>>> print(open('work.cif').read())   # mmCIF, C-alpha atoms and all ligand atoms
data_target
loop_
_atom_site.group_PDB
_atom_site.id
_atom_site.type_symbol
_atom_site.label_atom_id
_atom_site.label_comp_id
_atom_site.auth_asym_id
_atom_site.auth_seq_id
_atom_site.Cartn_x
_atom_site.Cartn_y
_atom_site.Cartn_z
ATOM 1 C CA MET A 1 3.823 -10.790 2.524
ATOM 2 C CA PRO A 2 0.691 -12.701 3.611
ATOM 3 C CA LYS A 3 -0.210 -15.645 1.372
ATOM 4 C CA LEU A 4 -3.418 -15.126 -0.596
ATOM 5 C CA ASP A 5 -5.686 -18.175 -0.761
ATOM 6 C CA VAL A 6 -7.278 -17.134 -4.059
ATOM 7 C CA ASP A 7 -5.909 -17.069 -7.595
ATOM 8 C CA VAL A 8 -4.742 -13.450 -7.478
ATOM 9 C CA PHE A 9 -1.563 -11.750 -6.372
ATOM 10 C CA ILE A 10 -0.418 -8.319 -5.262
ATOM 11 C CA GLU A 11 2.484 -6.362 -6.762
ATOM 12 C CA LYS A 12 3.826 -2.888 -6.279
ATOM 13 C CA LEU A 13 2.693 -0.765 -9.228
ATOM 14 C CA SER A 14 5.291 -0.450 -11.986
ATOM 15 C CA GLU A 15 5.381 0.925 -15.517
ATOM 16 C CA LYS A 16 4.350 -2.456 -16.962
ATOM 17 C CA HIS A 17 0.850 -2.032 -15.418
ATOM 18 C CA THR A 18 0.150 1.390 -16.923
ATOM 19 C CA LYS A 19 -1.175 0.103 -20.280
ATOM 20 C CA ASP A 20 -3.648 -2.246 -18.625
ATOM 21 C CA LEU A 21 -4.793 0.507 -16.269
ATOM 22 C CA LEU A 22 -6.049 2.520 -19.269
ATOM 23 C CA SER A 23 -9.077 0.192 -19.370
ATOM 24 C CA PHE A 24 -9.635 0.366 -15.602
ATOM 25 C CA SER A 25 -13.096 1.539 -14.589
ATOM 26 C CA CYS A 26 -14.504 1.269 -11.071
ATOM 27 C CA GLY A 27 -17.556 3.404 -11.829
ATOM 28 C CA HIS A 28 -16.222 6.541 -10.172
ATOM 29 C CA SER A 29 -15.007 9.016 -12.794
ATOM 30 C CA ASP A 30 -12.524 10.815 -10.544
ATOM 31 C CA MET A 31 -10.940 7.521 -9.480
ATOM 32 C CA ASP A 32 -10.893 6.226 -13.067
ATOM 33 C CA GLY A 33 -9.138 9.371 -14.340
ATOM 34 C CA PHE A 34 -6.613 9.031 -11.539
ATOM 35 C CA ALA A 35 -5.935 5.385 -12.460
ATOM 36 C CA HIS A 36 -5.489 6.248 -16.147
ATOM 37 C CA LYS A 37 -3.250 9.284 -15.795
ATOM 38 C CA ASP A 38 -1.865 9.859 -12.315
ATOM 39 C CA LEU A 39 -1.226 6.625 -10.478
ATOM 40 C CA PHE A 40 2.265 5.978 -11.788
ATOM 41 C CA VAL A 41 3.232 9.689 -11.866
ATOM 42 C CA TYR A 42 2.316 10.035 -8.174
ATOM 43 C CA GLN A 43 4.502 7.060 -7.411
ATOM 44 C CA LYS A 44 7.480 8.354 -9.391
ATOM 45 C CA GLN A 45 7.190 11.693 -7.577
ATOM 46 C CA ASN A 46 6.962 9.998 -4.132
ATOM 47 C CA ILE A 47 3.446 11.269 -3.456
ATOM 48 C CA GLY A 48 1.727 7.900 -3.212
ATOM 49 C CA VAL A 49 2.806 4.293 -3.700
ATOM 50 C CA SER A 50 0.249 1.966 -5.248
ATOM 51 C CA TYR A 51 -0.231 -1.776 -5.072
ATOM 52 C CA VAL A 52 -2.176 -3.637 -7.727
ATOM 53 C CA LEU A 53 -4.113 -6.862 -7.331
ATOM 54 C CA LEU A 54 -3.720 -8.935 -10.485
ATOM 55 C CA ASP A 55 -5.294 -12.051 -11.934
ATOM 56 C CA LYS A 56 -3.253 -14.891 -13.462
ATOM 57 C CA THR A 57 -3.006 -13.052 -16.788
ATOM 58 C CA GLY A 58 -1.626 -9.914 -15.154
ATOM 59 C CA LYS A 59 -4.850 -7.902 -15.503
ATOM 60 C CA VAL A 60 -5.238 -5.236 -12.797
ATOM 61 C CA LEU A 61 -8.431 -6.045 -10.877
ATOM 62 C CA SER A 62 -8.054 -3.608 -8.014
ATOM 63 C CA PHE A 63 -5.561 -1.071 -6.666
ATOM 64 C CA ILE A 64 -4.726 0.763 -3.463
ATOM 65 C CA THR A 65 -2.596 3.899 -3.050
ATOM 66 C CA LEU A 66 -0.749 4.493 0.225
ATOM 67 C CA LEU A 67 0.973 7.560 1.660
ATOM 68 C CA THR A 68 1.949 8.846 5.076
ATOM 69 C CA GLY A 69 -0.536 10.886 7.040
ATOM 70 C CA ALA A 70 -1.571 12.080 10.476
ATOM 71 C CA ILE A 71 -4.833 12.481 12.321
ATOM 72 C CA LYS A 72 -5.990 14.962 14.926
ATOM 73 C CA LEU A 73 -8.421 13.154 17.200
ATOM 74 C CA PRO A 74 -11.050 15.116 19.098
ATOM 75 C CA GLU A 75 -10.582 14.860 22.892
ATOM 76 C CA HIS A 76 -13.531 12.497 23.467
ATOM 77 C CA LEU A 77 -12.174 9.947 20.954
ATOM 78 C CA LYS A 78 -8.685 9.972 22.488
ATOM 79 C CA PHE A 79 -10.195 8.561 25.659
ATOM 80 C CA GLU A 80 -11.876 5.710 23.828
ATOM 81 C CA ILE A 81 -8.515 4.241 22.814
ATOM 82 C CA PRO A 82 -7.097 2.224 25.733
ATOM 83 C CA GLN A 83 -3.471 2.318 24.563
ATOM 84 C CA LEU A 84 -3.486 6.103 24.342
ATOM 85 C CA LYS A 85 -4.628 6.300 27.975
ATOM 86 C CA GLN A 86 -1.194 5.000 28.965
ATOM 87 C CA LEU A 87 0.491 8.172 27.662
ATOM 88 C CA ASN A 88 1.106 11.115 29.983
ATOM 89 C CA GLU A 89 0.104 13.396 27.172
ATOM 90 C CA VAL A 90 -1.557 12.411 23.890
ATOM 91 C CA PRO A 91 0.087 14.290 20.996
ATOM 92 C CA ASN A 92 -2.113 16.667 19.067
ATOM 93 C CA GLN A 93 -1.462 14.813 15.815
ATOM 94 C CA LEU A 94 -1.082 11.046 15.728
ATOM 95 C CA PRO A 95 0.910 9.299 12.982
ATOM 96 C CA ALA A 96 -0.844 7.178 10.388
ATOM 97 C CA LEU A 97 -0.619 5.341 7.106
ATOM 98 C CA LYS A 98 -3.190 6.790 4.733
ATOM 99 C CA ILE A 99 -5.192 4.916 2.115
ATOM 100 C CA GLY A 100 -5.285 7.582 -0.590
ATOM 101 C CA ARG A 101 -7.252 5.637 -3.202
ATOM 102 C CA LEU A 102 -8.880 2.234 -3.415
ATOM 103 C CA GLY A 103 -10.762 0.952 -6.421
ATOM 104 C CA THR A 104 -11.901 -2.325 -7.981
ATOM 105 C CA ARG A 105 -12.938 -2.807 -11.626
ATOM 106 C CA LYS A 106 -16.714 -2.579 -11.827
ATOM 107 C CA GLU A 107 -17.148 -6.106 -13.191
ATOM 108 C CA GLU A 108 -14.869 -7.514 -10.458
ATOM 109 C CA GLN A 109 -16.511 -5.853 -7.452
ATOM 110 C CA LYS A 110 -17.913 -7.740 -4.447
ATOM 111 C CA LYS A 111 -15.424 -10.586 -4.838
ATOM 112 C CA GLY A 112 -13.340 -9.582 -1.812
ATOM 113 C CA TYR A 113 -10.509 -7.847 -3.687
ATOM 114 C CA ALA A 114 -10.671 -4.518 -1.830
ATOM 115 C CA LYS A 115 -10.746 -6.525 1.393
ATOM 116 C CA LEU A 116 -7.491 -8.247 0.369
ATOM 117 C CA LEU A 117 -5.877 -4.860 -0.347
ATOM 118 C CA ILE A 118 -6.983 -3.443 3.008
ATOM 119 C CA SER A 119 -5.452 -6.527 4.677
ATOM 120 C CA TYR A 120 -2.285 -5.919 2.693
ATOM 121 C CA ALA A 121 -2.190 -2.245 3.757
ATOM 122 C CA THR A 122 -2.550 -3.416 7.372
ATOM 123 C CA TYR A 123 0.360 -5.814 6.909
ATOM 124 C CA LEU A 124 2.508 -2.987 5.459
ATOM 125 C CA ALA A 125 1.475 -0.660 8.295
ATOM 126 C CA LYS A 126 2.612 -3.271 10.824
ATOM 127 C CA GLU A 127 5.968 -3.523 9.037
ATOM 128 C CA LEU A 128 6.238 0.259 9.079
ATOM 129 C CA GLN A 129 5.609 0.281 12.823
ATOM 130 C CA GLU A 130 8.899 -1.567 13.308
ATOM 131 C CA LYS A 131 10.747 1.384 11.776
ATOM 132 C CA VAL A 132 8.754 4.578 12.373
ATOM 133 C CA GLY A 133 5.928 5.714 14.615
ATOM 134 C CA CYS A 134 2.597 4.819 13.025
ATOM 135 C CA TYR A 135 -0.588 4.161 14.968
ATOM 136 C CA PHE A 136 -3.601 4.435 12.673
ATOM 137 C CA LEU A 137 -4.780 3.569 9.202
ATOM 138 C CA ILE A 138 -6.734 6.551 7.891
ATOM 139 C CA LEU A 139 -8.677 7.499 4.768
ATOM 140 C CA ASP A 140 -11.242 9.936 3.426
ATOM 141 C CA ALA A 141 -14.352 7.984 2.442
ATOM 142 C CA TYR A 142 -17.079 8.962 0.027
ATOM 143 C CA PRO A 143 -20.406 8.845 1.934
ATOM 144 C CA ASP A 144 -21.557 5.806 -0.117
ATOM 145 C CA ASN A 145 -18.598 3.790 1.154
ATOM 146 C CA ILE A 146 -18.853 4.441 4.880
ATOM 147 C CA THR A 147 -20.610 1.154 5.619
ATOM 148 C CA PHE A 148 -17.993 -0.670 3.531
ATOM 149 C CA TYR A 149 -15.133 0.740 5.655
ATOM 150 C CA GLN A 150 -17.042 0.246 8.900
ATOM 151 C CA LYS A 151 -16.982 -3.469 8.064
ATOM 152 C CA TYR A 152 -13.209 -3.222 8.403
ATOM 153 C CA ARG A 153 -13.458 -1.450 11.778
ATOM 154 C CA PHE A 154 -12.882 2.075 10.482
ATOM 155 C CA THR A 155 -14.629 4.769 12.530
ATOM 156 C CA CYS A 156 -15.834 8.137 11.244
ATOM 157 C CA LEU A 157 -14.005 11.104 12.716
ATOM 158 C CA TYR A 158 -17.223 13.145 12.763
ATOM 159 C CA SER A 159 -20.672 11.841 13.585
ATOM 160 C CA ASP A 160 -22.255 14.426 11.299
ATOM 161 C CA SER A 161 -21.242 13.752 7.693
ATOM 162 C CA LYS A 162 -23.824 16.096 6.163
ATOM 163 C CA ASP A 163 -22.478 18.525 3.530
ATOM 164 C CA ARG A 164 -19.087 16.822 3.406
ATOM 165 C CA GLU A 165 -17.813 15.429 0.113
ATOM 166 C CA THR A 166 -15.656 12.901 1.982
ATOM 167 C CA ILE A 167 -15.548 11.789 5.596
ATOM 168 C CA PRO A 168 -12.267 11.138 7.438
ATOM 169 C CA MET A 169 -12.155 7.642 8.941
ATOM 170 C CA PHE A 170 -9.573 5.874 11.103
ATOM 171 C CA ARG A 171 -8.715 2.470 12.525
ATOM 172 C CA GLU A 172 -6.032 1.301 14.922
ATOM 173 C CA ILE A 173 -3.486 -0.729 12.944
ATOM 174 C CA SER A 174 -3.577 -3.353 15.700
ATOM 175 C CA ALA A 175 -7.363 -3.827 15.395
ATOM 176 C CA GLN A 176 -8.346 -7.329 14.274
ATOM 177 C CA LEU A 177 -9.815 -7.463 10.773
ATOM 178 C CA PRO A 178 -13.067 -9.475 10.428
HETATM 179 C C1 LIG R 1 -15.589 0.474 -2.613
HETATM 180 C C2 LIG R 1 -14.878 -0.559 -3.488
HETATM 181 C C3 LIG R 1 -13.384 -0.242 -3.516
HETATM 182 C C4 LIG R 1 -15.108 -1.966 -2.883
HETATM 183 O O1 LIG R 1 -14.370 -2.883 -3.679
HETATM 184 P P1 LIG R 1 -14.732 -4.430 -3.757
HETATM 185 O O2 LIG R 1 -13.537 -5.137 -4.311
HETATM 186 O O3 LIG R 1 -16.034 -4.610 -4.436
HETATM 187 O O4 LIG R 1 -14.927 -4.770 -2.217
HETATM 188 P P2 LIG R 1 -14.950 -6.236 -1.573
HETATM 189 O O5 LIG R 1 -15.462 -7.230 -2.575
HETATM 190 O O6 LIG R 1 -13.631 -6.512 -0.941
HETATM 191 O O7 LIG R 1 -16.037 -6.007 -0.454
HETATM 192 C C5 LIG R 1 -16.017 -6.735 0.697
HETATM 193 C C6 LIG R 1 -17.345 -6.599 1.378
HETATM 194 O O8 LIG R 1 -17.838 -5.251 1.385
HETATM 195 C C7 LIG R 1 -19.111 -5.169 0.725
HETATM 196 N N1 LIG R 1 -19.161 -3.907 -0.015
HETATM 197 C C8 LIG R 1 -18.526 -3.597 -1.168
HETATM 198 N N2 LIG R 1 -18.786 -2.324 -1.516
HETATM 199 C C9 LIG R 1 -19.618 -1.826 -0.557
HETATM 200 C C10 LIG R 1 -20.248 -0.555 -0.337
HETATM 201 N N3 LIG R 1 -20.070 0.477 -1.166
HETATM 202 N N4 LIG R 1 -21.014 -0.405 0.769
HETATM 203 C C11 LIG R 1 -21.204 -1.422 1.649
HETATM 204 N N5 LIG R 1 -20.615 -2.649 1.493
HETATM 205 C C12 LIG R 1 -19.851 -2.841 0.412
HETATM 206 C C13 LIG R 1 -19.138 -6.399 -0.166
HETATM 207 O O9 LIG R 1 -20.459 -6.791 -0.452
HETATM 208 C C14 LIG R 1 -18.415 -7.409 0.691
HETATM 209 O O10 LIG R 1 -19.270 -7.865 1.719
HETATM 210 P P3 LIG R 1 -19.254 -9.411 2.196
HETATM 211 O O11 LIG R 1 -17.825 -9.719 2.589
HETATM 212 O O12 LIG R 1 -20.199 -9.420 3.353
HETATM 213 O O13 LIG R 1 -19.707 -10.175 1.013
HETATM 214 C C15 LIG R 1 -15.491 -0.603 -4.932
HETATM 215 O O14 LIG R 1 -16.891 -0.664 -4.828
HETATM 216 C C16 LIG R 1 -15.100 0.594 -5.789
HETATM 217 O O15 LIG R 1 -14.081 0.550 -6.476
HETATM 218 N N6 LIG R 1 -15.926 1.650 -5.793
HETATM 219 C C17 LIG R 1 -15.687 2.832 -6.608
HETATM 220 C C18 LIG R 1 -14.507 3.630 -6.111
HETATM 221 C C19 LIG R 1 -14.627 4.043 -4.681
HETATM 222 O O16 LIG R 1 -15.673 4.546 -4.271
HETATM 223 N N7 LIG R 1 -13.538 3.831 -3.911
HETATM 224 C C20 LIG R 1 -13.471 4.150 -2.492
HETATM 225 C C21 LIG R 1 -13.050 5.557 -2.262
HETATM 226 S S1 LIG R 1 -13.614 6.126 -0.672
#
>>> encode(input="work.cif", output="structure tokens", more="lines below")
Ligand SMILES: CC(C)(COP(=O)(O)OP(=O)(O)OC[C@H]1O[C@@H](n2cnc3c(N)ncnc32)[C@H](O)[C@@H]1OP(=O)(O)O)[C@@H](O)C(=O)NCCC(=O)NCCS
Amino acid sequence: MPKLDVDVFIEKLSEKHTKDLLSFSCGHSDMDGFAHKDLFVYQKQNIGVSYVLLDKTGKVLSFITLLTGAIKLPEHLKFEIPQLKQLNEVPNQLPALKIGRLGTRKEEQKKGYAKLLISYATYLAKELQEKVGCYFLILDAYPDNITFYQKYRFTCLYSDSKDRETIPMFREISAQLP
């Protein structure tokens, strides 16, 4: 695991975090409800594994939920990825690690915690690549967060995001983070 140079640490979610998560609020009601009720259940049922970023006292500041996924790239995007050009045939679906949820407590936002969790997801994706095929990190972003994810080199799957509740985004796991 990469060493964090700030006074926080990352743990896999476990039952001991569930009480603290009841007070979690990132300002997005759907995400908050998920953190209060579903996070640990999803993990127990193998639907999504979460990692929590904690302060010294063990308070959950931020969390990320990861699951497997796949992405179907439109033809024109396939040709923008140099490594894919080396294949005789690019598969219809390409394997990915999906960021299912990402949230930071409202009062702790803009301190770089989500950035640390995205770096951690990238580290896990690289580990996964040693064992199973996995090429992209993917997620479905709320429109308000597109510029946030673009900072971390995620690209929108569609140029027209009008009328969509969320927008699929992707990034090569090997891409350098800023
Ligand atoms: C989006 C979210 C997870 C970001 O968490 P965070 O811990 O505040 O993010 P960070 O502090 O790591 O942000 C890193 C950088 O992104 C910027 N940033 C944060 N949120 C942003 C946003 N919505 N749009 C654009 N930039 C944003 C920060 O200012 C910071 O920039 P800097 O490095 O130049 O100073 C948080 O705002 C949140 O929980 N929102 C509600 C839930 C949500 O929408 N989750 C995402 C689902 S798609």
>>> residues_near_ligand(input="work.cif", ligand="ligand LIG 1 (chain R)", cutoff="10 Å", atoms="all atoms listed in the file", output="JSON, numbers by chain")
{"A": [25, 26, 27, 28, 29, 30, 31, 32, 61, 62, 63, 64, 99, 100, 101, 102, 103, 104, 105, 106, 107, 108, 109, 110, 111, 112, 113, 114, 115, 116, 117, 118, 119, 139, 140, 141, 142, 143, 144, 145, 146, 147, 148, 149, 150, 151, 152, 166, 167, 168, 169, 178]}
>>> residues_around(input="work.cif", residues="Glu75 in chain A", least_positions_apart="2", cutoff="12 Å", atoms="all atoms listed in the file", output="PyMOL selection string")
chain A and resi 72-73+77-81+84-85+89-93+157
>>> atom_distance(input="work.cif", atom1="CA of Leu67 in chain A", atom2="CA of Leu22 in chain A")
22.6 Å
>>> closest_residue(input="work.cif", among="A:Lys131, A:Leu137, A:Gln176, A:Val8", to="Gly58 in chain A", atoms="only C-alpha atoms")
A:Val8
>>> resolve_selection(input="work.cif", expression="the PyMOL selection byres (((chain A and resi 9) around 7) and not hetatm)", output="JSON, numbers by chain")
{"A": [4, 7, 8, 10, 11, 53, 54, 55]}
>>> write_last_selection(input="work.cif", atoms="C-alpha atoms", output="mmCIF file, keeping the file's coordinate frame")
data_model
loop_
_atom_site.group_PDB
_atom_site.id
_atom_site.type_symbol
_atom_site.label_atom_id
_atom_site.label_comp_id
_atom_site.auth_asym_id
_atom_site.auth_seq_id
_atom_site.Cartn_x
_atom_site.Cartn_y
_atom_site.Cartn_z
ATOM 1 C CA LEU A 4 -3.418 -15.126 -0.596
ATOM 2 C CA ASP A 7 -5.909 -17.069 -7.595
ATOM 3 C CA VAL A 8 -4.742 -13.450 -7.478
ATOM 4 C CA ILE A 10 -0.418 -8.319 -5.262
ATOM 5 C CA GLU A 11 2.484 -6.362 -6.762
ATOM 6 C CA LEU A 53 -4.113 -6.862 -7.331
ATOM 7 C CA LEU A 54 -3.720 -8.935 -10.485
ATOM 8 C CA ASP A 55 -5.294 -12.051 -11.934
#
>>> atom_distance(input="work.cif", atom1="CA of Val132 in chain A", atom2="CA of Ile173 in chain A")
13.4 Å
>>> resolve_selection(input="work.cif", expression="the PyMOL selection byres (((chain A and resi 18) around 9) and not hetatm)", output="ChimeraX atom specification")
/A:13-17,19-22,35-37,39-40
>>> closest_residue(input="work.cif", among="A:Ile138, A:Lys12, A:Arg164, A:Gly33", to="Val60 in chain A", atoms="all atoms listed in the file")
A:Lys12
>>> axis_aligned_box(input="work.cif", around="range 89-101 of chain A", padding_each_side="3 Å", output="AutoDock Vina command-line options")
--center_x -3.2 --center_y 10.8 --center_z 12.0 --size_x 14.2 --size_y 17.8 --size_z 36.4
>>> resolve_selection(input="work.cif", expression="the PyMOL selection byres (((chain A and resi 96) around 9) and not hetatm)", output="list in words")
Leu67, Thr68, Gly69, Ala70, Ile71, Leu94, Pro95, Leu97, Lys98, Ala125, Gly133, Cys134, Tyr135, Phe136, Leu137, Ile138, Phe170 and Ile173 of chain A
>>> closest_residue(input="work.cif", among="A:Leu66, A:Val52, A:Leu128, A:Leu87", to="Phe24 in chain A", atoms="all atoms listed in the file")
A:Val52
>>> atom_distance(input="work.cif", atom1="CA of Gln86 in chain A", atom2="CA of Cys156 in chain A")
23.2 Å
>>> decode(input="work.cif", residues="range 53-82 of chain A", atoms="N, CA and C atoms", output="mmCIF file, in the first residue's frame")
data_model
loop_
_atom_site.group_PDB
_atom_site.id
_atom_site.type_symbol
_atom_site.label_atom_id
_atom_site.label_comp_id
_atom_site.auth_asym_id
_atom_site.auth_seq_id
_atom_site.Cartn_x
_atom_site.Cartn_y
_atom_site.Cartn_z
ATOM 1 N N LEU A 53 -11.248 6.260 4.476
ATOM 2 C CA LEU A 53 -10.096 7.083 4.841
ATOM 3 C C LEU A 53 -10.410 7.661 6.218
ATOM 4 N N LEU A 54 -9.542 7.384 7.173
ATOM 5 C CA LEU A 54 -9.827 7.713 8.573
ATOM 6 C C LEU A 54 -8.835 8.741 9.110
ATOM 7 N N ASP A 55 -9.296 9.519 10.109
ATOM 8 C CA ASP A 55 -8.331 10.372 10.806
ATOM 9 C C ASP A 55 -7.742 9.585 11.985
ATOM 10 N N LYS A 56 -6.919 10.244 12.775
ATOM 11 C CA LYS A 56 -6.214 9.556 13.874
ATOM 12 C C LYS A 56 -7.173 8.930 14.871
ATOM 13 N N THR A 57 -8.366 9.538 15.018
ATOM 14 C CA THR A 57 -9.329 9.033 16.002
ATOM 15 C C THR A 57 -10.188 7.901 15.443
ATOM 16 N N GLY A 58 -10.013 7.601 14.171
ATOM 17 C CA GLY A 58 -10.800 6.531 13.553
ATOM 18 C C GLY A 58 -12.092 7.030 12.907
ATOM 19 N N LYS A 59 -12.250 8.352 12.830
ATOM 20 C CA LYS A 59 -13.444 8.914 12.179
ATOM 21 C C LYS A 59 -13.324 8.747 10.654
ATOM 22 N N VAL A 60 -14.427 8.294 10.033
ATOM 23 C CA VAL A 60 -14.428 8.124 8.574
ATOM 24 C C VAL A 60 -14.577 9.499 7.917
ATOM 25 N N LEU A 61 -13.563 9.908 7.153
ATOM 26 C CA LEU A 61 -13.591 11.202 6.485
ATOM 27 C C LEU A 61 -14.115 11.079 5.060
ATOM 28 N N SER A 62 -13.823 9.931 4.454
ATOM 29 C CA SER A 62 -14.118 9.756 3.034
ATOM 30 C C SER A 62 -14.195 8.255 2.740
ATOM 31 N N PHE A 63 -14.939 7.869 1.730
ATOM 32 C CA PHE A 63 -14.954 6.439 1.368
ATOM 33 C C PHE A 63 -15.041 6.264 -0.143
ATOM 34 N N ILE A 64 -14.599 5.092 -0.580
ATOM 35 C CA ILE A 64 -14.697 4.733 -1.999
ATOM 36 C C ILE A 64 -15.194 3.299 -2.073
ATOM 37 N N THR A 65 -16.082 3.011 -3.017
ATOM 38 C CA THR A 65 -16.584 1.648 -3.209
ATOM 39 C C THR A 65 -16.127 1.152 -4.577
ATOM 40 N N LEU A 66 -15.558 -0.046 -4.606
ATOM 41 C CA LEU A 66 -15.008 -0.601 -5.845
ATOM 42 C C LEU A 66 -15.683 -1.914 -6.214
ATOM 43 N N LEU A 67 -15.854 -2.138 -7.499
ATOM 44 C CA LEU A 67 -16.433 -3.379 -8.007
ATOM 45 C C LEU A 67 -15.879 -3.622 -9.407
ATOM 46 N N THR A 68 -16.067 -4.812 -9.925
ATOM 47 C CA THR A 68 -15.579 -5.056 -11.283
ATOM 48 C C THR A 68 -16.554 -4.437 -12.281
ATOM 49 N N GLY A 69 -16.063 -4.190 -13.471
ATOM 50 C CA GLY A 69 -16.924 -3.599 -14.488
ATOM 51 C C GLY A 69 -16.329 -3.825 -15.867
ATOM 52 N N ALA A 70 -16.979 -3.267 -16.859
ATOM 53 C CA ALA A 70 -16.478 -3.361 -18.235
ATOM 54 C C ALA A 70 -16.978 -2.125 -18.974
ATOM 55 N N ILE A 71 -16.305 -1.805 -20.051
ATOM 56 C CA ILE A 71 -16.705 -0.617 -20.809
ATOM 57 C C ILE A 71 -16.692 -0.946 -22.303
ATOM 58 N N LYS A 72 -17.712 -0.456 -22.980
ATOM 59 C CA LYS A 72 -17.773 -0.614 -24.433
ATOM 60 C C LYS A 72 -17.384 0.734 -25.038
ATOM 61 N N LEU A 73 -16.208 0.776 -25.637
ATOM 62 C CA LEU A 73 -15.742 2.048 -26.204
ATOM 63 C C LEU A 73 -16.274 2.239 -27.611
ATOM 64 N N PRO A 74 -16.732 3.426 -27.954
ATOM 65 C CA PRO A 74 -17.088 3.673 -29.352
ATOM 66 C C PRO A 74 -15.834 3.569 -30.220
ATOM 67 N N GLU A 75 -16.023 3.212 -31.495
ATOM 68 C CA GLU A 75 -14.887 2.952 -32.403
ATOM 69 C C GLU A 75 -13.858 4.088 -32.400
ATOM 70 N N HIS A 76 -14.328 5.352 -32.458
ATOM 71 C CA HIS A 76 -13.358 6.450 -32.588
ATOM 72 C C HIS A 76 -12.462 6.567 -31.354
ATOM 73 N N LEU A 77 -12.968 6.187 -30.179
ATOM 74 C CA LEU A 77 -12.138 6.274 -28.964
ATOM 75 C C LEU A 77 -11.115 5.141 -28.899
ATOM 76 N N LYS A 78 -11.493 3.975 -29.439
ATOM 77 C CA LYS A 78 -10.542 2.846 -29.442
ATOM 78 C C LYS A 78 -9.236 3.257 -30.114
ATOM 79 N N PHE A 79 -9.364 4.072 -31.171
ATOM 80 C CA PHE A 79 -8.172 4.426 -31.935
ATOM 81 C C PHE A 79 -7.350 5.532 -31.280
ATOM 82 N N GLU A 80 -7.884 6.100 -30.209
ATOM 83 C CA GLU A 80 -7.112 7.132 -29.514
ATOM 84 C C GLU A 80 -6.206 6.516 -28.447
ATOM 85 N N ILE A 81 -6.346 5.209 -28.226
ATOM 86 C CA ILE A 81 -5.559 4.571 -27.167
ATOM 87 C C ILE A 81 -4.439 3.736 -27.786
ATOM 88 N N PRO A 82 -3.193 4.260 -27.720
ATOM 89 C CA PRO A 82 -2.088 3.633 -28.455
ATOM 90 C C PRO A 82 -1.942 2.139 -28.173
#
